[in-house]
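A.B. asks: Encoded as structure tokens, here's the structure I'll be asking about.
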Amino acid sequence: MTVIQLFEEQVARTSDEIAVVFEGEQLTYQQLNSKSNQLAHHLQGSGVGKEEMVGLFLERSLEMVIGILGVLKAGGAYVPLDPDYPAERIGYMLQDTGVAILLTQSHLVHQLTAIEAWESISSNLTVIILDAHWEQIDGSRKGNLDNELSLQDLAYTIYTSGSTGRPKGVMNEHRGIYNRLLWMLDALPLTREDRVLQKTPYSFDVSIWEFFWPLLSGARLIIAKPGGHKDSEYLVNLIVEQGITAAHFVPSMLQVFLLNERVEECRSLKRVLCSGEALPLHLQEKFYSRLEADLFNLYGPTEA
């Protein structure tokens, strides 16, 4: 049993409920599952096998969610490549992992071709542009795959900052995600009425539970626009408009968020989760003076 199988079981329970929302677009659980299955079948047809690493060069979007699920369903492991990274870092990560397949979006292709070593990298790389190539993918089967994923299989590779030298790819198995999500579903259960904000860059492991915590619960995943995680006014508006009930902040961003004069309008918030930095007492006190929500101090799924 893995989070993919847990997700597919949830799809069977809430197939017609809205699963994910992004900038006026939305997909039901069944639609999200079908599209990620189609991508998974397409990836397998392109040579992706068990524990094969697949690069994702995507901005926050519906395609990002479909891409992550599709790679995992195909039996592969995803490597997030943040478009905000310097070209040199992206090129190094592509060469270091040796990925044979890269998923991207048409408006990001120019960033790839600007990589200094792109000519040599691309000679051994199949680039699938999800928005431009979807007609080809759409011909694939929509049914769940028969893969027998195990907890020992590789799920994703996330690179360190490289502050002590070259960035290092940390390879994580399904068991880490599974362990963390089972704990969250038990300790912090969600309902179908919950709305969870996804705003952490997917090159950080916090993003993993942001994606899967709601999708294993029948709740709704609300994707922030690219760059939106840095804009407190945008976040307040999104929380109010979408009725978001749960969100994650690193403490330094929570400090900025609480300075927004409209933050008290975020009455739908029930839970705010913090990790990544020390959470000082004065920030906790500021939080409780402005919001009627619970505050949790957490760590990431890699540590699980």
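Just remember, in the structure tokens the first chain shown is A, the second B, etc., residues are 1-based per chain, and ligands are 1-based in the order shown.
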Mind checking which residues fall within 12 Å of A:Ser123, counting only C-alpha atoms, ignoring those fewer than 6 positions away in the same chain, and posting them as JSON, numbers by chain?
C.D. replies: {"A": [95, 98, 99, 100, 101, 117]}
A.B. asks: Extract, using only C-alpha atoms, all DNA, RNA and protein residues at most 8 Å from stretch 213-216 of chain A, discarding same-chain residues fewer than 5 positions from it, and format them as a list in words.
C.D. replies: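 Everything that qualifies: Val3, Leu6, Phe7, Gln10, Ala19, Leu181, Met184, Leu185, Leu190, Asp194, Arg195, Val196 and Leu221 of chain A.
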A.B. asks: Give the answer as one residue: which of A:Glu193, A:Glu116, A:Glu52, A:His107 has the shortest atom-to-atom distance to A:Ala87, using only C-alpha atoms?
C.D. replies: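 Answer, going by the shortest atom-to-atom distance: A:Glu116.
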A.B. asks: Got a sec to tell me which of stretch 52-194 of chain A DSSP assigns to helix (DSSP H, G or I), as a PyMOL selection string?
C.D. replies: chain A and resi 62-73+87-97+106-113+118-122+134-137+174-187
A.B. asks: I need the residues of stretch 44-95 of chain A that end up classed as strand (DSSP E) by DSSP on the backbone, written out as number ranges by chain.
C.D. replies: A: 53-57, 77-80
A.B. asks: Would you save the residues of that selection, restricted to all heavy atoms, as a compact mmCIF listing (two decimals), in the first residue's frame?
C.D. replies:
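Result went into result.txt, see below:
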```txt
# COMPACT_ATOMS: atom_id res chain seq x y z
N MET A 53 13.66 7.92 -12.69
CA MET A 53 13.50 9.32 -12.33
C MET A 53 13.01 10.14 -13.53
O MET A 53 13.54 10.00 -14.63
CB MET A 53 14.80 9.89 -11.76
CG MET A 53 15.09 9.41 -10.35
SD MET A 53 16.40 10.34 -9.52
CE MET A 53 17.85 9.63 -10.30
N VAL A 54 12.00 10.98 -13.29
CA VAL A 54 11.41 11.82 -14.31
C VAL A 54 11.49 13.27 -13.82
O VAL A 54 11.04 13.59 -12.72
CB VAL A 54 9.94 11.44 -14.59
CG1 VAL A 54 9.32 12.38 -15.63
CG2 VAL A 54 9.84 9.99 -15.05
N GLY A 55 12.05 14.15 -14.62
CA GLY A 55 12.15 15.55 -14.24
C GLY A 55 10.84 16.28 -14.42
O GLY A 55 10.12 16.06 -15.41
N LEU A 56 10.52 17.18 -13.49
CA LEU A 56 9.34 18.04 -13.60
C LEU A 56 9.83 19.48 -13.57
O LEU A 56 10.36 19.95 -12.56
CB LEU A 56 8.37 17.81 -12.44
CG LEU A 56 7.78 16.42 -12.22
CD1 LEU A 56 6.77 16.45 -11.09
CD2 LEU A 56 7.13 15.90 -13.48
N PHE A 57 9.67 20.17 -14.69
CA PHE A 57 10.02 21.59 -14.78
C PHE A 57 8.72 22.34 -15.01
O PHE A 57 8.34 22.66 -16.13
CB PHE A 57 11.01 21.80 -15.93
CG PHE A 57 11.60 23.19 -15.99
CD1 PHE A 57 12.44 23.65 -14.99
CD2 PHE A 57 11.31 24.04 -17.05
CE1 PHE A 57 12.99 24.93 -15.05
CE2 PHE A 57 11.84 25.31 -17.12
CZ PHE A 57 12.69 25.76 -16.12
N ALA A 77 9.85 8.01 -10.21
CA ALA A 77 10.13 8.93 -9.10
C ALA A 77 10.32 10.31 -9.71
O ALA A 77 11.03 10.46 -10.71
CB ALA A 77 11.38 8.50 -8.35
N TYR A 78 9.70 11.33 -9.12
CA TYR A 78 9.78 12.65 -9.73
C TYR A 78 10.93 13.47 -9.14
O TYR A 78 11.29 13.33 -7.97
CB TYR A 78 8.45 13.40 -9.65
CG TYR A 78 8.03 13.92 -8.30
CD1 TYR A 78 8.30 15.23 -7.92
CD2 TYR A 78 7.30 13.12 -7.41
CE1 TYR A 78 7.89 15.73 -6.70
CE2 TYR A 78 6.88 13.61 -6.18
CZ TYR A 78 7.18 14.92 -5.83
OH TYR A 78 6.77 15.40 -4.61
N VAL A 79 11.50 14.31 -9.99
CA VAL A 79 12.58 15.22 -9.60
C VAL A 79 12.09 16.64 -9.86
O VAL A 79 12.00 17.07 -11.01
CB VAL A 79 13.87 14.96 -10.42
CG1 VAL A 79 14.99 15.89 -9.93
CG2 VAL A 79 14.29 13.50 -10.32
N PRO A 80 11.70 17.39 -8.82
CA PRO A 80 11.20 18.76 -9.04
C PRO A 80 12.33 19.72 -9.39
O PRO A 80 13.33 19.80 -8.69
CB PRO A 80 10.56 19.10 -7.69
CG PRO A 80 11.26 18.25 -6.69
CD PRO A 80 11.66 16.99 -7.40
```
A.B. asks: Between A:Asn260, A:Gln111, A:Ser252, A:Asn172, which is the closest to A:Tyr234 once you count only C-alpha atoms?
C.D. replies: A:Asn260
A.B. asks: What is the atom CA of A:Leu149 to atom CA of A:Thr2 distance in Å?
C.D. replies: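 Atom CA of A:Leu149 sits 6.9 Å away from atom CA of A:Thr2.
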A.B. asks: Ranking A:Leu103, A:Met93, A:Leu108, A:Ile115 by minimum distance to A:Tyr159 and counting only C-alpha atoms, which one comes first?
C.D. replies: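 Checking each candidate against A:Tyr159, we get A:Met93 as the closest.
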A.B. asks: Give me the residues within 6 Å of A:Ala246 as a ChimeraX atom specification, counting only C-alpha atoms and dropping any in the same chain fewer than 6 places off.
C.D. replies: /A:196,269,271-272
A.B. asks: Using only C-alpha atoms, can you tell me which of A:Lys35, A:Lys270, A:His282, A:Arg262 comes closest to A:Gly143?
C.D. replies: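 Between A:Lys35, A:Lys270, A:His282, A:Arg262, the residue approaching A:Gly143 most closely is A:Lys35.
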A.B. asks: Using only C-alpha atoms, find the one residue out of A:Glu233, A:Leu254, A:Val127, A:Ala132 that sits nearest to A:Pro280.
C.D. replies: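 Nearest candidate to A:Pro280 out of A:Glu233, A:Leu254, A:Val127, A:Ala132: A:Leu254.
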A.B. asks: What separation in Å, quoted to one decimal, exists between atom CA of A:Phe22 and atom CA of A:Lys230?
C.D. replies: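 Going from atom CA of A:Phe22 over to atom CA of A:Lys230, I get 16.8 Å.
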A.B. asks: Set the distance at 10 Å and use only C-alpha atoms: which residues neighbour A:Ala114 once local chain neighbours fewer than 5 positions away are removed? I'd like the list as a PyMOL selection string.
C.D. replies: chain A and resi 87-88+91+109+119
A.B. asks: Could you pull the residues within 12 Å of A:Leu182, counting only C-alpha atoms, minus those fewer than 4 positions along the same chain, as a list in words?
C.D. replies: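 My reading of the contact set: Met1, Thr2, Val3, Leu6, Arg175, Gly176, Ile177, Tyr178, Asp186, Ala187, Leu188, Pro189, Trp209, Phe212, Trp213, Leu216, Ser217, Pro301 and Ala304 of chain A.
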A.B. asks: Determine, counting only C-alpha atoms, which protein, DNA and RNA residues have an atom within 7 Å of an atom of A:Asn297; residues of the same chain fewer than 2 positions away are not included. Present the result as number ranges by chain.
C.D. replies: A: 273-275, 295
A.B. asks: Give me, as a ChimeraX atom specification, all polymer residues having an atom no more than 7 Å from A:Met171, counting only C-alpha atoms and skipping those fewer than 2 positions away in the same chain.
C.D. replies: /A:154,156-158,169,173
A.B. asks: To one decimal place in Å, what is the distance between atom CA of A:Trp134 and atom CA of A:Val20?
C.D. replies: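 Result for atom CA of A:Trp134 versus atom CA of A:Val20: 18.7 Å, one decimal.
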A.B. asks: Could you check the closest approach to A:Ser203 for each of A:Leu258, A:Leu69, A:Val170, A:Val236 and tell me which residue wins, using only C-alpha atoms?
C.D. replies: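 Checking each of A:Leu258, A:Leu69, A:Val170, A:Val236 against A:Ser203, counting only C-alpha atoms, the winner is A:Val170.
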